[in-house]
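Shown next, in structure tokens, is the structure this report addresses.
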Amino acid sequence: MGRWVQLAMVVCAVLDRTAVARAEVAADASPSIAALPVEPASDDAPVAEPEPVAAPVFETQVVGRRALPKSSPVRISDDDIRLRGASTVPEALEGLPGVEINTGTKAGDSLQIRGLDERGVLLLLDGIPIRESYAGHFDIGSLLATQLGSVEVQRGISSVLYGANSMAGVVSLHSFEDLDGRQGNLTLTLGNPYRGRLRDRSGQLNLVGGHGAWSFGGSAARSQSDGFVVSNDFTTTSDTEAFHENGGLRDGSDVDKTMLMLKASYEPDAQWRVESIAHVFRQERGIPTFESSGYVRHWRFTDYNTYLGGLIVEYQPEPSARTWSLASAKGAGYVTWHDDTLQDYQDASYRQLTTHPLAWFVASSYRDQSAGMVLTPSWNLWTGNRIDLSMSAAYDQNRQREIPVETTAVNTEWQPWETYGAATFNLAAEDTQRLGRWRLSVGVGGSGMRLTAEEIRAHSYPVHERLALAADGRIFADYQWNEQTTWLIAAGRKTRYPTLKELFSNSLGGNSDLQPEHAWMAEAGFDWRVPTYAALLSARLYYNAVRALIEQRYSVYTNVSRATTAGGELAASARPFSFVRLVGQYTYLYAHDESADRPLDYRTPHHASLELRIEAPWGSEAAVQGQYHSGQRAAFFNNVSNAWQHERLPGYVLLHIYVQHRLDLGAERALALFVRLRNALDSNYVRGSFTPEPGRQVFVGMSADF
């Protein structure tokens with residue numbers, strides 16, 4: 001515990017009182033409803049000030065002083081995160097319509113939106129793209145949800161201003177929105193007793209402060225787990241023979257996370273705002289044992305680190321009645337760095353590196369670097385009309401190396417670095433016009449990807465002339481039928497460029513001639529809000545036709561496939577009593593590989609959730625959330641048998657419970673005691689692979705506001 005408790009890092013504040021007031025006004029105007037869309041602002045709504053955290057402008061928040069039309073957004077507030085008992089981002093996203101979390105042994109938690117996988121999901125943390133640039137994957141389970149103020153998920157056809165690689169949707173993580181004007185917050189959590197000891201412990205400290213035009217914010221957190229226990233209903237099968245029997249501690253499931261998030265802003269007047277961001281995420285974790293090629297793997301990430309930095313400058317002139325006037329301008333630059341080291345051990349003791357002849361390597365190391373800039377000016381053209389422009393460029397580089405296996409002794413000699421790189425750019429314009437009860441948004445964009453480097457063991461290959469181009473577009477319209485009902489319809493085309501792994505992988509069939517994937521997309525639906533019982537109902541139907549789908553066939557990545565994802569989403573919320581709230585949703589997904597005439601891998605056709613929240617007037621809160629996920633199918637081409645091999649994963653039901661009692665100590669001080677249960681039914685389940693997920697988990701903790 002000594003090393004863990006050294007958490008007293010820190011640093012100070014995010015929002016000045018003006019910004020807090022803005023956030024409170026925004027919250028009153030558009031309450032957070034878990035699993036329901038964000039309400040679009042009306043023409044008659046009060047003029048909204050810019051949000052205090054707008055980094056680095058991938059999102060343009062206002063159009064003619066109104067919110068930009070977003071495609072089926074869902075906002076998760078800090079209260080939603082807490083009452084779901086969520087400690088990580090995947091746990092916070094569970095149960096949202098159209099969103100599915102899968103888990104792999106090495107990859108960790110991955111995200112699907114409406115059947116499209118994470119390679120097409122744009123993940124933003126305070127506006128900065130966060131990912132591991134080689135494979136297009138980032139383990140979102142490494143991010144602690146308790147450090148976030150809110151999460152917004154945009155499903156469907158996102159704005160062209162986001163650029164390429166947002167085909168599946170956009171997930172925006174926002175920090176420091178949960179302090180609510182307090183000077184600080186300290187949270188401590190313990191949990192998961194097993195054989196007389198607690199397996200999990202975590203702590204988090206948030207501090208705020210400011211002076212004059214300056215405001216500062218900081219958050220430091222440490223979370224440790226010695227591993228999770230599988231369900232008592234777990235049974236050994238031919239696919240899980242390497243795993244523990246029921247009720248056992250899962251080999252390789254330990255994790256140690258440290259997160260430090262810092263933010264500083266300078267706002268000399270109402271027109272200018274400068275903001276800087278620096279976030280650090282460090283993780284060491286085991287990789288649950290798995291079998292491959294008849295050999296049980298004992299892998300471990302000895303480090304998995306991500307660093308983000310950004311500088312954002314925003315200018316918003318005084319409102320003008322003139323046509324063709326500048327509405328706002330934002331510019332931002334950012335850098336991200338990711339590095340990880342993976343080691344292969346001889347056995348489950350994790351003490352000796354492998355010499356097994358079937359091992360792929362003794363150790364593998366990645367270094368990913370990205371740098372980019374964004375500029376988004378906006379103009380009011382005439383009454384009710386606004387045009388937004390976006391110009392962005394980014395450079396991604398991956399360096400990797402390995403220590404090869406030697407069967408006579410443990411090898412410690414690294415091979416030379418391999419280097420891969422690519423540059424991308426995006427240009428887009430989107431015009432939004434209010435026509436009576438109609439709001440129409442039309443956007444077009446162009447993008448390109450140029451390969452810049454391929455160097456394998458000190459030998460360079462000529463890739464500088466390889467340039468791929470693509471065009472995207474979106475038409476979005478909503479109709480305010482009456483004060484309660486809004487209809488929407490959208491159609492467009494979105495692009496995903498191949499990842500560096502798909503282009504260059506030396507051992508997994510990289511193909512530098514790959515063309516970008518693209519999808520023709522359509523969506524329609526409505527949002528219905530009824531004042532009685534604060535009821536809300538939302539429905540969506542969508543269809544996505546993916547072309548030039550990139551798949552690994554016959555050991556080489558190729559553009560061989562066509563795929564279809566289509567479905568419907570229904571979400572509802574109501575307050576039958578002032579202290580009771582109900583939230584529910586149902587999702588149906590059809591996901592099919594048309595070229596191979598088979599279901600797309602690891603997609604969940606039916607997904608439903610129901611949540612009950614009780615808020616007692618004496619300060620107690622309770623929430624119960626139940627989820628149902630139907631079974632998944634998967635298939636892969638076996639190059640040995642020259643045939644497709646099919647898998648089927650069973651469906652499952654989860655139940656999560658959260659109970660909290662809050663004591664008001666006066667002078668804006670409070671103490672909260674809480675208990676949370678994850679998987680209270682101790683369900684035995686898997687998602688996205690045959691690796692078992694945790695059984696019942698019990699946590700207790702306290703949170704102090706000061």
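Scheme for the structure tokens: letters A, B, ... for chains in order shown; per-chain residue numbers from 1; ligand numbers from 1 in order shown.
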
Tell me, counting only C-alpha atoms, for each residue of region 405-497 of chain A within 10 Å of region 104-124 of chain A, which pair of atoms is nearest and how far apart they are in Å to one decimal, in rows ordered by chain and increasing number, as a tab-separated table.
residue	atom	partner	partner_atom	distance
A:Lys494	CA	A:Gly120	CA	9.5
A:Thr495	CA	A:Gly120	CA	8.3
A:Arg496	CA	A:Gly120	CA	6.0
A:Tyr497	CA	A:Gly120	CA	8.7

Now that the selection is made, can you save its residues with C-alpha atoms as a PDB file, in the first residue's frame?
ATOM      1  CA  LYS A 494     -17.810   8.650 -44.548  1.00  0.00           C
ATOM      2  CA  THR A 495     -14.248   7.331 -44.986  1.00  0.00           C
ATOM      3  CA  ARG A 496     -11.815   5.248 -42.952  1.00  0.00           C
ATOM      4  CA  TYR A 497      -8.168   5.137 -43.998  1.00  0.00           C
TER       5      TYR A 497
END

| message | Taking only region 291-523 of chain A into account, list the residues labelled strand (DSSP E) by DSSP (computed from the backbone), as number ranges by chain. | response | A: 291-292, 295-297, 299-315, 325-344, 363-382, 385-403, 418-435, 438-456, 459-460, 467-480, 485-496, 517-523

Checklist entry - Could you pull out the alpha helix (DSSP H) residues of region 393-572 of chain A from DSSP and send them as a PyMOL selection string? => result chain A and resi 500-504

Go ahead and write the residues just picked, N, CA and C atoms, as a PDB file, in the first residue's frame.
ATOM      1  N   LEU A 500      -1.716   1.844 -39.948  1.00  0.00           N
ATOM      2  CA  LEU A 500      -0.326   1.514 -40.264  1.00  0.00           C
ATOM      3  C   LEU A 500      -0.093   0.002 -40.197  1.00  0.00           C
ATOM      4  N   LYS A 501      -0.798  -0.669 -39.318  1.00  0.00           N
ATOM      5  CA  LYS A 501      -0.676  -2.129 -39.239  1.00  0.00           C
ATOM      6  C   LYS A 501      -1.185  -2.779 -40.517  1.00  0.00           C
ATOM      7  N   GLU A 502      -2.335  -2.339 -41.000  1.00  0.00           N
ATOM      8  CA  GLU A 502      -2.893  -2.909 -42.227  1.00  0.00           C
ATOM      9  C   GLU A 502      -2.021  -2.599 -43.440  1.00  0.00           C
ATOM     10  N   LEU A 503      -1.336  -1.468 -43.405  1.00  0.00           N
ATOM     11  CA  LEU A 503      -0.490  -1.073 -44.535  1.00  0.00           C
ATOM     12  C   LEU A 503       0.876  -1.763 -44.523  1.00  0.00           C
ATOM     13  N   PHE A 504       1.458  -1.911 -43.335  1.00  0.00           N
ATOM     14  CA  PHE A 504       2.877  -2.232 -43.283  1.00  0.00           C
ATOM     15  C   PHE A 504       3.244  -3.508 -42.538  1.00  0.00           C
TER      16      PHE A 504
END

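The coordinates place CA of Ser370 (chain A) at 29.6 Å from CA of Ser561 (chain A).
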
message = I'd like the contact shell of His338 (chain A) - 9 Å cut-off, only C-alpha atoms, skipping same-chain residues fewer than 6 positions apart - returned as a VMD selection string.
response = chain A and resid 131 to 133 304 to 308 366 to 370

#### Entry: Residue neighbourhood Ser689 (chain A), 12 Å, only C-alpha atoms, exclusion window fewer than 6 positions, as an MDAnalysis selection string
chainID A and resid 101:110 239:240 288 290:291 601:603 631:635 647:650

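Restricting the calculation to only C-alpha atoms, the smallest distance between Leu570 (chain A) and any of A:Gly196, A:Gly98, A:Phe301, A:Pro69 is found for A:Gly98.
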
For Pro357 (chain A), work out the shell of residues within 8 Å, counting only C-alpha atoms and skipping chain neighbours fewer than 2 positions away, then give it as a compact mmCIF listing (two decimals) with N, CA and C atoms, in the first residue's frame.
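New file part21.txt:
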# COMPACT_ATOMS: atom_id res chain seq x y z
N THR A 355 11.63 -19.38 -23.73
CA THR A 355 12.53 -19.94 -24.74
C THR A 355 11.77 -20.96 -25.59
N ALA A 359 6.92 -19.67 -29.45
CA ALA A 359 6.68 -18.27 -29.07
C ALA A 359 6.96 -17.36 -30.25
N VAL A 405 13.06 -15.20 -30.34
CA VAL A 405 13.22 -16.34 -29.44
C VAL A 405 14.45 -17.15 -29.83
N GLU A 406 15.22 -17.52 -28.82
CA GLU A 406 16.29 -18.50 -28.98
C GLU A 406 16.02 -19.63 -28.01
N THR A 407 16.05 -20.85 -28.48
CA THR A 407 15.61 -21.99 -27.69
C THR A 407 16.64 -22.46 -26.68

If you count only C-alpha atoms, which residues fall within 10 Å of His279 (chain A), apart from same-chain ones fewer than 6 positions away, as a tab-separated table (two decimals) with C-alpha atoms, in the first residue's frame?
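The result, written out as selection.tsv:
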chain	number	residue	atom	x	y	z
A	125	LEU	CA	-10.10	13.43	-24.74
A	126	ASP	CA	-10.69	17.15	-24.20
A	218	GLY	CA	-5.58	18.98	-11.72
A	219	SER	CA	-6.54	15.40	-11.01
A	220	ALA	CA	-4.36	12.49	-9.89
A	259	MET	CA	-3.43	8.95	-14.26
A	260	LEU	CA	-2.48	12.62	-14.02
A	261	MET	CA	-4.61	15.26	-15.76
A	262	LEU	CA	-3.65	18.95	-15.79
A	263	LYS	CA	-5.33	21.94	-17.36
A	306	THR	CA	0.07	7.48	-23.15
A	307	TYR	CA	0.89	11.19	-23.02
A	308	LEU	CA	-1.23	14.01	-24.48
A	309	GLY	CA	-0.55	17.71	-24.76
A	310	GLY	CA	-2.45	20.51	-26.46
A	336	THR	CA	0.39	12.47	-28.42

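Comparing A:His174, A:Ser231, A:Trp528, A:Arg201 by their smallest distance to Ala680 (chain A), the closest is A:Ser231 (using only C-alpha atoms).
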
At a cut-off of 7 Å, using only C-alpha atoms, what residues contact region 430-443 of chain A? Leave out same-chain residues fewer than 3 positions from it and give the result as a short mmCIF file (atom, residue, chain, number, x, y, z; two decimals) with N, CA and C atoms, in the first residue's frame.
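Final output, saved to part_32.cif:
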data_model
loop_
_atom_site.label_atom_id
_atom_site.label_comp_id
_atom_site.auth_asym_id
_atom_site.auth_seq_id
_atom_site.Cartn_x
_atom_site.Cartn_y
_atom_site.Cartn_z
N VAL A 63 -24.02 27.29 -34.02
CA VAL A 63 -24.30 27.67 -35.40
C VAL A 63 -25.31 28.80 -35.34
N VAL A 160 -19.03 16.37 -41.04
CA VAL A 160 -17.82 16.27 -41.86
C VAL A 160 -16.68 17.07 -41.26
N GLY A 384 -30.05 33.47 -39.44
CA GLY A 384 -30.37 32.05 -39.41
C GLY A 384 -29.43 31.18 -40.19
N ASN A 385 -28.33 31.73 -40.70
CA ASN A 385 -27.41 30.92 -41.50
C ASN A 385 -25.99 31.08 -41.00
N ARG A 386 -25.27 29.96 -40.95
CA ARG A 386 -23.88 29.99 -40.50
C ARG A 386 -23.10 28.93 -41.27
N ILE A 387 -21.84 29.28 -41.60
CA ILE A 387 -20.97 28.32 -42.26
C ILE A 387 -19.75 28.09 -41.37
N ASP A 388 -19.39 26.82 -41.22
CA ASP A 388 -18.24 26.41 -40.42
C ASP A 388 -17.23 25.73 -41.33
N LEU A 389 -15.98 26.08 -41.17
CA LEU A 389 -14.90 25.46 -41.93
C LEU A 389 -13.98 24.70 -40.97
N GLY A 473 -19.39 13.55 -47.33
CA GLY A 473 -20.46 14.53 -47.33
C GLY A 473 -21.56 14.12 -46.38
N ARG A 474 -22.36 15.10 -45.96
CA ARG A 474 -23.49 14.81 -45.07
C ARG A 474 -24.60 15.82 -45.29
N ILE A 475 -25.82 15.32 -45.34
CA ILE A 475 -27.03 16.15 -45.32
C ILE A 475 -27.81 15.77 -44.06
N PHE A 476 -28.09 16.75 -43.24
CA PHE A 476 -28.78 16.51 -41.98
C PHE A 476 -29.93 17.50 -41.88
N ALA A 477 -31.13 17.01 -41.58
CA ALA A 477 -32.29 17.89 -41.43
C ALA A 477 -33.10 17.46 -40.23
N ASP A 478 -33.54 18.43 -39.45
CA ASP A 478 -34.51 18.11 -38.40
C ASP A 478 -35.70 19.06 -38.51
N TYR A 479 -36.84 18.58 -38.07
CA TYR A 479 -38.09 19.31 -38.19
C TYR A 479 -38.76 19.37 -36.82
N GLN A 480 -38.97 20.60 -36.30
CA GLN A 480 -39.60 20.80 -35.01
C GLN A 480 -41.10 20.76 -35.21
#

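The shortest atom-to-atom distance to Glu275 (chain A), with only C-alpha atoms taken into account, belongs to A:Gly127 out of A:Ser683, A:Ile140, A:Pro317, A:Gly127.
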
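Each of A:Arg678, A:Arg322, A:His298, A:Lys330 was compared to His356 (chain A) using only C-alpha atoms, and A:His298 turns out to be the nearest.
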